[in-house]
$ cat start_27.pdb   # PDB, C-alpha atoms, pLDDT in the B column
MODEL        1
ATOM      1  CA  MET A   1      39.501  32.357  -2.367  1.00 50.00           C
ATOM      2  CA  GLN A   2      43.227  32.607  -2.949  1.00 49.00           C
ATOM      3  CA  SER A   3      45.327  34.936  -0.827  1.00 48.00           C
ATOM      4  CA  ILE A   4      46.330  38.280  -2.335  1.00 48.00           C
ATOM      5  CA  ARG A   5      48.325  39.539   0.636  1.00 45.00           C
ATOM      6  CA  GLN A   6      51.638  39.095  -1.140  1.00 44.00           C
ATOM      7  CA  HIS A   7      50.893  42.122  -3.319  1.00 44.00           C
ATOM      8  CA  LYS A   8      50.638  44.504  -0.354  1.00 44.00           C
ATOM      9  CA  PRO A   9      51.820  48.044  -1.203  1.00 43.00           C
ATOM     10  CA  HIS A  10      53.077  50.598   1.296  1.00 37.00           C
ATOM     11  CA  ALA A  11      50.070  52.189   3.004  1.00 40.00           C
ATOM     12  CA  ASP A  12      51.107  55.747   2.096  1.00 33.00           C
ATOM     13  CA  SER A  13      51.334  54.891  -1.596  1.00 44.00           C
ATOM     14  CA  LEU A  14      48.024  53.042  -1.895  1.00 49.00           C
ATOM     15  CA  HIS A  15      46.109  55.982  -3.314  1.00 49.00           C
ATOM     16  CA  ALA A  16      49.027  57.892  -4.792  1.00 64.00           C
ATOM     17  CA  ASP A  17      50.646  55.223  -6.954  1.00 85.00           C
ATOM     18  CA  ARG A  18      47.981  52.649  -7.780  1.00 95.00           C
ATOM     19  CA  LEU A  19      45.023  52.943 -10.114  1.00 98.00           C
ATOM     20  CA  HIS A  20      41.411  53.586  -9.195  1.00 98.00           C
ATOM     21  CA  VAL A  21      39.113  51.504 -11.375  1.00 98.00           C
ATOM     22  CA  GLY A  22      35.335  51.790 -11.331  1.00 98.00           C
ATOM     23  CA  ILE A  23      33.179  49.006 -12.757  1.00 98.00           C
ATOM     24  CA  ILE A  24      29.520  49.175 -13.739  1.00 98.00           C
ATOM     25  CA  MET A  25      28.627  45.530 -13.249  1.00 98.00           C
ATOM     26  CA  ASP A  26      25.952  45.124 -15.910  1.00 98.00           C
ATOM     27  CA  GLY A  27      24.291  42.128 -17.524  1.00 97.00           C
ATOM     28  CA  ASN A  28      23.499  39.759 -14.665  1.00 98.00           C
ATOM     29  CA  GLY A  29      19.821  39.455 -15.539  1.00 97.00           C
ATOM     30  CA  ARG A  30      20.378  39.023 -19.267  1.00 97.00           C
ATOM     31  CA  TRP A  31      23.104  36.453 -18.588  1.00 98.00           C
ATOM     32  CA  ALA A  32      20.611  34.399 -16.591  1.00 98.00           C
ATOM     33  CA  THR A  33      17.714  34.859 -19.029  1.00 97.00           C
ATOM     34  CA  ARG A  34      19.798  33.629 -21.965  1.00 97.00           C
ATOM     35  CA  ARG A  35      20.457  30.447 -19.994  1.00 97.00           C
ATOM     36  CA  GLY A  36      16.841  29.913 -19.035  1.00 98.00           C
ATOM     37  CA  LEU A  37      17.594  30.770 -15.404  1.00 98.00           C
ATOM     38  CA  PRO A  38      15.874  33.186 -13.016  1.00 96.00           C
ATOM     39  CA  ARG A  39      17.423  36.646 -12.879  1.00 96.00           C
ATOM     40  CA  HIS A  40      18.602  36.060  -9.318  1.00 96.00           C
ATOM     41  CA  ALA A  41      20.885  33.288 -10.592  1.00 97.00           C
ATOM     42  CA  GLY A  42      22.680  35.957 -12.625  1.00 98.00           C
ATOM     43  CA  HIS A  43      23.196  38.110  -9.546  1.00 97.00           C
ATOM     44  CA  GLU A  44      24.613  35.143  -7.660  1.00 97.00           C
ATOM     45  CA  ALA A  45      26.993  34.437 -10.541  1.00 98.00           C
ATOM     46  CA  GLY A  46      27.962  38.099 -10.439  1.00 98.00           C
ATOM     47  CA  VAL A  47      29.276  37.646  -6.895  1.00 97.00           C
ATOM     48  CA  GLU A  48      31.752  35.084  -8.236  1.00 97.00           C
ATOM     49  CA  ALA A  49      32.922  37.669 -10.770  1.00 98.00           C
ATOM     50  CA  ILE A  50      33.534  40.122  -7.924  1.00 97.00           C
ATOM     51  CA  ARG A  51      35.792  37.564  -6.257  1.00 96.00           C
ATOM     52  CA  ARG A  52      37.752  36.974  -9.472  1.00 97.00           C
ATOM     53  CA  VAL A  53      38.292  40.659 -10.142  1.00 98.00           C
ATOM     54  CA  MET A  54      39.137  41.456  -6.533  1.00 97.00           C
ATOM     55  CA  GLU A  55      41.833  38.790  -6.507  1.00 96.00           C
ATOM     56  CA  ALA A  56      43.307  39.910  -9.846  1.00 97.00           C
ATOM     57  CA  ALA A  57      43.197  43.678  -9.309  1.00 98.00           C
ATOM     58  CA  PRO A  58      46.177  44.240  -6.959  1.00 97.00           C
ATOM     59  CA  GLU A  59      48.681  42.387  -9.128  1.00 96.00           C
ATOM     60  CA  GLN A  60      47.544  44.498 -12.089  1.00 97.00           C
ATOM     61  CA  GLY A  61      48.321  47.788 -10.372  1.00 97.00           C
ATOM     62  CA  VAL A  62      44.861  48.563  -9.007  1.00 98.00           C
ATOM     63  CA  GLY A  63      44.710  50.004  -5.488  1.00 97.00           C
ATOM     64  CA  THR A  64      41.065  51.089  -5.401  1.00 98.00           C
ATOM     65  CA  LEU A  65      38.164  49.226  -6.963  1.00 98.00           C
ATOM     66  CA  THR A  66      34.687  50.799  -6.932  1.00 98.00           C
ATOM     67  CA  LEU A  67      31.855  48.482  -7.947  1.00 98.00           C
ATOM     68  CA  TYR A  68      28.392  49.715  -8.918  1.00 98.00           C
ATOM     69  CA  ALA A  69      26.064  47.157  -7.367  1.00 98.00           C
ATOM     70  CA  PHE A  70      22.739  48.946  -6.866  1.00 98.00           C
ATOM     71  CA  SER A  71      21.786  52.427  -8.027  1.00 98.00           C
ATOM     72  CA  SER A  72      19.215  54.668  -6.381  1.00 98.00           C
ATOM     73  CA  ASP A  73      17.084  54.146  -9.497  1.00 98.00           C
ATOM     74  CA  ASN A  74      17.182  50.363  -9.065  1.00 98.00           C
ATOM     75  CA  TRP A  75      14.474  50.601  -6.413  1.00 98.00           C
ATOM     76  CA  ARG A  76      12.106  50.723  -9.410  1.00 97.00           C
ATOM     77  CA  ARG A  77      12.807  47.077 -10.161  1.00 96.00           C
ATOM     78  CA  PRO A  78      10.346  44.352  -9.119  1.00 96.00           C
ATOM     79  CA  LYS A  79      10.142  44.000  -5.348  1.00 97.00           C
ATOM     80  CA  ALA A  80      11.152  40.354  -5.445  1.00 96.00           C
ATOM     81  CA  GLU A  81      14.355  41.145  -7.345  1.00 96.00           C
ATOM     82  CA  VAL A  82      15.254  44.003  -4.996  1.00 97.00           C
ATOM     83  CA  THR A  83      14.644  41.785  -1.971  1.00 97.00           C
ATOM     84  CA  GLY A  84      16.852  39.100  -3.491  1.00 97.00           C
ATOM     85  CA  LEU A  85      19.647  41.598  -4.118  1.00 97.00           C
ATOM     86  CA  MET A  86      19.547  42.864  -0.544  1.00 98.00           C
ATOM     87  CA  THR A  87      19.570  39.303   0.770  1.00 97.00           C
ATOM     88  CA  LEU A  88      22.566  38.568  -1.440  1.00 97.00           C
ATOM     89  CA  LEU A  89      24.412  41.609  -0.091  1.00 97.00           C
ATOM     90  CA  ARG A  90      23.697  40.563   3.490  1.00 97.00           C
ATOM     91  CA  ARG A  91      24.955  37.046   2.754  1.00 97.00           C
ATOM     92  CA  TYR A  92      28.088  38.431   1.084  1.00 97.00           C
ATOM     93  CA  LEU A  93      28.936  40.550   4.125  1.00 97.00           C
ATOM     94  CA  ARG A  94      28.444  37.628   6.498  1.00 96.00           C
ATOM     95  CA  ASN A  95      30.388  35.118   4.398  1.00 96.00           C
ATOM     96  CA  GLU A  96      33.207  37.229   3.005  1.00 96.00           C
ATOM     97  CA  THR A  97      34.194  39.819   5.630  1.00 97.00           C
ATOM     98  CA  ARG A  98      36.632  37.583   7.482  1.00 96.00           C
ATOM     99  CA  GLN A  99      38.287  36.516   4.234  1.00 95.00           C
ATOM    100  CA  LEU A 100      38.553  40.126   3.072  1.00 97.00           C
ATOM    101  CA  ALA A 101      40.341  41.023   6.298  1.00 97.00           C
ATOM    102  CA  ARG A 102      42.727  38.069   5.929  1.00 96.00           C
ATOM    103  CA  ASN A 103      43.506  39.158   2.374  1.00 95.00           C
ATOM    104  CA  ASP A 104      44.242  42.720   3.542  1.00 98.00           C
ATOM    105  CA  VAL A 105      41.277  44.180   1.629  1.00 98.00           C
ATOM    106  CA  ARG A 106      39.506  47.221   3.010  1.00 98.00           C
ATOM    107  CA  LEU A 107      35.780  47.223   2.282  1.00 98.00           C
ATOM    108  CA  THR A 108      33.669  50.368   2.280  1.00 98.00           C
ATOM    109  CA  VAL A 109      30.125  50.902   1.050  1.00 98.00           C
ATOM    110  CA  ILE A 110      29.084  54.188  -0.542  1.00 98.00           C
ATOM    111  CA  GLY A 111      25.553  55.456  -1.049  1.00 98.00           C
ATOM    112  CA  ARG A 112      22.510  55.912   1.168  1.00 97.00           C
ATOM    113  CA  ARG A 113      21.899  53.557   4.073  1.00 97.00           C
ATOM    114  CA  ASP A 114      18.651  54.945   5.460  1.00 97.00           C
ATOM    115  CA  ARG A 115      16.521  53.064   2.903  1.00 98.00           C
ATOM    116  CA  LEU A 116      18.206  49.676   3.289  1.00 98.00           C
ATOM    117  CA  PRO A 117      16.378  46.758   4.953  1.00 97.00           C
ATOM    118  CA  GLU A 118      16.464  46.710   8.737  1.00 97.00           C
ATOM    119  CA  GLY A 119      19.806  45.729  10.175  1.00 97.00           C
ATOM    120  CA  LEU A 120      21.709  45.838   6.884  1.00 98.00           C
ATOM    121  CA  ALA A 121      23.342  49.210   7.579  1.00 98.00           C
ATOM    122  CA  ASP A 122      24.629  47.824  10.889  1.00 98.00           C
ATOM    123  CA  GLU A 123      26.096  44.802   9.123  1.00 98.00           C
ATOM    124  CA  ILE A 124      27.798  47.092   6.617  1.00 98.00           C
ATOM    125  CA  GLY A 125      29.294  49.106   9.467  1.00 98.00           C
ATOM    126  CA  ARG A 126      30.641  45.976  11.135  1.00 98.00           C
ATOM    127  CA  ALA A 127      32.224  44.774   7.890  1.00 98.00           C
ATOM    128  CA  GLU A 128      33.852  48.154   7.337  1.00 98.00           C
ATOM    129  CA  LYS A 129      35.251  48.166  10.849  1.00 98.00           C
ATOM    130  CA  ALA A 130      36.562  44.605  10.534  1.00 98.00           C
ATOM    131  CA  THR A 131      38.434  45.393   7.301  1.00 98.00           C
ATOM    132  CA  ALA A 132      39.532  48.954   8.102  1.00 97.00           C
ATOM    133  CA  ARG A 133      43.234  48.028   8.252  1.00 97.00           C
ATOM    134  CA  GLY A 134      43.296  46.607   4.719  1.00 97.00           C
ATOM    135  CA  ARG A 135      46.007  48.108   2.500  1.00 96.00           C
ATOM    136  CA  THR A 136      46.392  45.723  -0.441  1.00 97.00           C
ATOM    137  CA  LEU A 137      43.121  46.818  -2.025  1.00 98.00           C
ATOM    138  CA  HIS A 138      40.379  49.285  -1.163  1.00 98.00           C
ATOM    139  CA  MET A 139      37.150  47.792  -2.482  1.00 98.00           C
ATOM    140  CA  ARG A 140      34.200  50.189  -2.496  1.00 98.00           C
ATOM    141  CA  ILE A 141      30.702  48.903  -3.236  1.00 98.00           C
ATOM    142  CA  ALA A 142      28.063  51.408  -4.341  1.00 98.00           C
ATOM    143  CA  ILE A 143      24.641  50.567  -2.883  1.00 98.00           C
ATOM    144  CA  ASP A 144      21.603  52.859  -3.236  1.00 98.00           C
ATOM    145  CA  TYR A 145      24.043  55.211  -4.924  1.00 98.00           C
ATOM    146  CA  SER A 146      23.535  58.235  -7.167  1.00 98.00           C
ATOM    147  CA  ALA A 147      26.460  60.427  -8.204  1.00 98.00           C
ATOM    148  CA  ARG A 148      24.153  63.374  -8.829  1.00 98.00           C
ATOM    149  CA  ASP A 149      22.684  63.031  -5.350  1.00 98.00           C
ATOM    150  CA  ALA A 150      26.187  62.830  -3.861  1.00 98.00           C
ATOM    151  CA  ILE A 151      27.156  66.069  -5.604  1.00 97.00           C
ATOM    152  CA  LEU A 152      23.909  67.753  -4.562  1.00 96.00           C
ATOM    153  CA  GLN A 153      24.403  66.751  -0.933  1.00 95.00           C
ATOM    154  CA  ALA A 154      28.001  67.986  -1.017  1.00 95.00           C
ATOM    155  CA  ALA A 155      26.838  71.339  -2.366  1.00 93.00           C
ATOM    156  CA  SER A 156      24.265  71.676   0.403  1.00 92.00           C
ATOM    157  CA  ARG A 157      26.859  70.915   3.088  1.00 89.00           C
ATOM    158  CA  CYS A 158      29.314  73.525   1.851  1.00 87.00           C
ATOM    159  CA  HIS A 159      26.796  76.398   2.003  1.00 78.00           C
ATOM    160  CA  GLY A 160      28.356  79.250   3.964  1.00 73.00           C
ATOM    161  CA  ALA A 161      31.716  77.462   4.223  1.00 72.00           C
ATOM    162  CA  GLY A 162      33.598  80.239   2.462  1.00 78.00           C
ATOM    163  CA  GLU A 163      36.158  79.650  -0.273  1.00 85.00           C
ATOM    164  CA  LEU A 164      36.187  76.009  -1.361  1.00 87.00           C
ATOM    165  CA  THR A 165      38.821  74.135  -3.324  1.00 91.00           C
ATOM    166  CA  ARG A 166      38.272  71.233  -5.680  1.00 92.00           C
ATOM    167  CA  ALA A 167      40.007  68.973  -3.182  1.00 92.00           C
ATOM    168  CA  GLY A 168      37.764  70.171  -0.383  1.00 91.00           C
ATOM    169  CA  PHE A 169      34.620  69.692  -2.424  1.00 93.00           C
ATOM    170  CA  ALA A 170      35.806  66.265  -3.571  1.00 94.00           C
ATOM    171  CA  GLN A 171      36.052  65.231   0.071  1.00 93.00           C
ATOM    172  CA  LEU A 172      32.453  66.321   0.595  1.00 93.00           C
ATOM    173  CA  VAL A 173      31.356  64.301  -2.446  1.00 96.00           C
ATOM    174  CA  THR A 174      33.271  61.131  -1.633  1.00 95.00           C
ATOM    175  CA  GLY A 175      33.453  61.272   2.151  1.00 92.00           C
ATOM    176  CA  GLU A 176      37.204  60.605   1.986  1.00 92.00           C
ATOM    177  CA  ALA A 177      40.059  63.093   2.266  1.00 88.00           C
ATOM    178  CA  ASP A 178      42.549  61.565  -0.157  1.00 88.00           C
ATOM    179  CA  LEU A 179      40.601  59.291  -2.471  1.00 95.00           C
ATOM    180  CA  ARG A 180      42.276  59.076  -5.858  1.00 95.00           C
ATOM    181  CA  ASP A 181      40.204  60.196  -8.845  1.00 96.00           C
ATOM    182  CA  VAL A 182      38.957  57.388 -11.048  1.00 98.00           C
ATOM    183  CA  ASP A 183      41.453  56.403 -13.757  1.00 97.00           C
ATOM    184  CA  LEU A 184      39.314  53.919 -15.661  1.00 98.00           C
ATOM    185  CA  VAL A 185      35.605  53.132 -15.807  1.00 98.00           C
ATOM    186  CA  ILE A 186      34.650  49.716 -17.173  1.00 98.00           C
ATOM    187  CA  ARG A 187      31.100  48.836 -18.174  1.00 98.00           C
ATOM    188  CA  THR A 188      30.126  45.304 -19.071  1.00 98.00           C
ATOM    189  CA  SER A 189      27.318  43.864 -21.240  1.00 98.00           C
ATOM    190  CA  GLY A 190      27.678  46.217 -24.225  1.00 97.00           C
ATOM    191  CA  GLU A 191      25.876  49.257 -22.805  1.00 97.00           C
ATOM    192  CA  LYS A 192      27.685  52.568 -23.298  1.00 97.00           C
ATOM    193  CA  ARG A 193      26.637  55.031 -20.619  1.00 97.00           C
ATOM    194  CA  LEU A 194      27.705  56.040 -17.109  1.00 97.00           C
ATOM    195  CA  SER A 195      24.281  55.701 -15.450  1.00 98.00           C
ATOM    196  CA  ASP A 196      24.932  58.241 -12.674  1.00 98.00           C
ATOM    197  CA  PHE A 197      28.134  56.525 -11.505  1.00 98.00           C
ATOM    198  CA  LEU A 198      31.065  58.487  -9.987  1.00 98.00           C
ATOM    199  CA  LEU A 199      30.436  61.569 -12.132  1.00 98.00           C
ATOM    200  CA  TRP A 200      32.659  63.903 -10.090  1.00 97.00           C
ATOM    201  CA  GLU A 201      35.479  61.419  -9.573  1.00 97.00           C
ATOM    202  CA  SER A 202      35.489  60.349 -13.242  1.00 97.00           C
ATOM    203  CA  ALA A 203      36.024  63.807 -14.763  1.00 96.00           C
ATOM    204  CA  TYR A 204      39.163  62.609 -16.578  1.00 96.00           C
ATOM    205  CA  ALA A 205      38.607  58.862 -16.426  1.00 97.00           C
ATOM    206  CA  GLU A 206      39.166  56.715 -19.478  1.00 97.00           C
ATOM    207  CA  LEU A 207      36.165  54.615 -20.506  1.00 98.00           C
ATOM    208  CA  HIS A 208      36.182  50.963 -21.530  1.00 98.00           C
ATOM    209  CA  PHE A 209      33.050  49.214 -22.780  1.00 98.00           C
ATOM    210  CA  THR A 210      32.925  45.464 -23.289  1.00 98.00           C
ATOM    211  CA  ASP A 211      30.237  43.098 -24.547  1.00 98.00           C
ATOM    212  CA  VAL A 212      31.178  40.557 -21.861  1.00 98.00           C
ATOM    213  CA  MET A 213      28.382  40.057 -19.346  1.00 98.00           C
ATOM    214  CA  TRP A 214      29.405  40.697 -15.763  1.00 98.00           C
ATOM    215  CA  PRO A 215      29.041  37.061 -14.580  1.00 98.00           C
ATOM    216  CA  ASP A 216      31.548  36.046 -17.288  1.00 98.00           C
ATOM    217  CA  PHE A 217      34.017  38.866 -16.522  1.00 98.00           C
ATOM    218  CA  GLY A 218      37.332  37.705 -15.129  1.00 97.00           C
ATOM    219  CA  ALA A 219      41.021  38.424 -14.728  1.00 97.00           C
ATOM    220  CA  ASP A 220      41.715  38.260 -18.473  1.00 98.00           C
ATOM    221  CA  ASP A 221      38.984  40.808 -19.172  1.00 98.00           C
ATOM    222  CA  LEU A 222      40.434  43.126 -16.534  1.00 98.00           C
ATOM    223  CA  THR A 223      43.855  42.696 -18.120  1.00 98.00           C
ATOM    224  CA  GLU A 224      42.426  43.625 -21.529  1.00 98.00           C
ATOM    225  CA  ALA A 225      40.738  46.737 -20.151  1.00 98.00           C
ATOM    226  CA  LEU A 226      43.895  47.865 -18.377  1.00 98.00           C
ATOM    227  CA  ALA A 227      46.026  47.195 -21.455  1.00 97.00           C
ATOM    228  CA  SER A 228      43.702  49.453 -23.439  1.00 96.00           C
ATOM    229  CA  PHE A 229      43.976  52.068 -20.698  1.00 96.00           C
ATOM    230  CA  HIS A 230      47.779  52.020 -20.718  1.00 95.00           C
ATOM    231  CA  ARG A 231      47.869  52.484 -24.502  1.00 92.00           C
ATOM    232  CA  ARG A 232      45.985  55.755 -24.252  1.00 85.00           C
ATOM    233  CA  GLU A 233      47.548  59.188 -24.008  1.00 79.00           C
ATOM    234  CA  ARG A 234      46.193  61.016 -20.954  1.00 71.00           C
ATOM    235  CA  ARG A 235      46.731  64.776 -21.320  1.00 69.00           C
ATOM    236  CA  PHE A 236      44.282  66.125 -18.726  1.00 65.00           C
ATOM    237  CA  GLY A 237      43.524  69.116 -20.924  1.00 68.00           C
ATOM    238  CA  GLY A 238      47.147  69.744 -21.868  1.00 68.00           C
ATOM    239  CA  LEU A 239      49.237  68.816 -24.879  1.00 63.00           C
ATOM    240  CA  GLN A 240      51.599  65.987 -25.608  1.00 66.00           C
ATOM    241  CA  PRO A 241      55.117  67.076 -24.525  1.00 61.00           C
ATOM    242  CA  GLN A 242      57.181  68.030 -27.546  1.00 58.00           C
ATOM    243  CA  SER A 243      60.710  66.794 -28.106  1.00 50.00           C
ATOM    244  CA  THR A 244      63.387  69.389 -27.352  1.00 51.00           C
ATOM    245  CA  GLU A 245      65.947  67.697 -29.596  1.00 51.00           C
ATOM    246  CA  PRO A 246      66.848  69.709 -32.723  1.00 51.00           C
ATOM    247  CA  GLU A 247      65.788  68.254 -36.024  1.00 49.00           C
ATOM    248  CA  LEU A 248      68.617  66.854 -38.132  1.00 51.00           C
ATOM    249  CA  MET A 249      69.169  68.509 -41.459  1.00 48.00           C
ATOM    250  CA  ALA A 250      69.414  66.245 -44.455  1.00 44.00           C
TER     251      ALA A 250
ENDMDL
END
$ encode --input "start_27.pdb" --output "C-alpha cells"
Amino acid sequence: MQSIRQHKPHADSLHADRLHVGIIMDGNGRWATRRGLPRHAGHEAGVEAIRRVMEAAPEQGVGTLTLYAFSSDNWRRPKAEVTGLMTLLRRYLRNETRQLARNDVRLTVIGRRDRLPEGLADEIGRAEKATARGRTLHMRIAIDYSARDAILQAASRCHGAGELTRAGFAQLVTGEADLRDVDLVIRTSGEKRLSDFLLWESAYAELHFTDVMWPDFGADDLTEALASFHRRERRFGGLQPQSTEPELMA
C-alpha cells in the first residue's frame, strides 16, 4: 500500500473543508459469479477496491469516507456467506490496522456490535484506538448498520432532553459531535437505491450511480464521480445567486 501521508490536512479543517463521501459497495457477488468464482472471491476482491479508493480519496479532496460493508438486513444471507464476511473483516483489521496508522488514516466502525461474532467487537475497538490520531482521512466502515435504526435509537435517547437542535440530534444519530454531512453518495453495480444507508446525514447529498462493480472500482471511477459532483449546482433549498450587474442596453 502506498503512503498517503503527504496529503495531510490541518486537523481542524478535516471536517470543515474536505468532502464526506459515502459508498454503497455493491456487486461483489455478481462480479464473482460472472467469472465462475465463489461469491466470497468477490468480497475478497472488494477489499482491494477499498485500498485503492482509500489511497486515492485524500488527494481528491475527500476527508471522510463512509463505506457500507454489511447492513443489518444482510444477516438474512446464507450463513456461510455471513461467516466468510465476518472472517474477512477480522482479517482486514489484523492485517491493515498498522498500515492505516502509518498512513495517518483514522478508522471507525459504525453500526451494532452486540451481534458480531465473539471477539470481533474487541478487535474493532483496538483498531479504532490504534488509528485514533489519523488526520489525513477518516474512514468509517458500516457493519450491521441501519440508518433507520440509528435514527430510532437517537430519538429514544433524546426523550425528555428538552429543546433539541438539528446539530444535537445529528450527534445522537452519528455518535460524533462535528461529523460533516454527506456530500456525495456513490453506489456501484447499477442499482439505484439508498438501502437504509446514512439517511439523516445524506439529506442534501448528491447521488452518483455507476454500473461498475465494486471489485472493479478504482481511483479513476472515484475521479469521475467527483467530477460529476463538482459540475452540479448545490442550492440546499435556496436559489442560484443572481447577478447584481445592470443589464446593458442595446
$ resolve_selection --input "start_27.pdb" --expression "the PyMOL selection byres ((chain A and resi 104) around 6)" --output "list in words"
Arg5, Ala101, Arg102, Asn103, Val105, Gly134, Arg135 and Thr136 of chain A
$ closest_residue --input "start_27.pdb" --among "A:Leu194, A:Ala41, A:Ala155, A:Ala177" --to "A:Leu88" --atoms "all atoms listed in the file"
A:Ala41
$ closest_residue --input "start_27.pdb" --among "A:Glu191, A:Glu123, A:Glu206, A:Asp183" --to "A:Gly63" --atoms "only C-alpha atoms"
A:Asp183
$ resolve_selection --input "start_27.pdb" --expression "the PyMOL selection byres ((chain A and resi 199) around 12)" --output "ChimeraX atom specification"
/A:22,145-152,170,173-174,181-182,185,193-198,200-205
$ resolve_selection --input "start_27.pdb" --expression "the PyMOL selection byres ((chain A and resi 82) around 12)" --output "list in words"
Arg39, His40, His43, Ala69, Phe70, Ser71, Ser72, Asp73, Asn74, Trp75, Arg76, Arg77, Pro78, Lys79, Ala80, Glu81, Thr83, Gly84, Leu85, Met86, Thr87, Leu88, Leu89, Leu116, Pro117, Ile143 and Asp144 of chain A
$ closest_residue --input "start_27.pdb" --among "A:Ala56, A:Leu19, A:Leu37, A:Met25" --to "A:Arg187" --atoms "only C-alpha atoms"
A:Met25
$ atom_distance --input "start_27.pdb" --atom1 "atom CA of A:Ala32" --atom2 "atom CA of A:Arg51"
18.6 Å
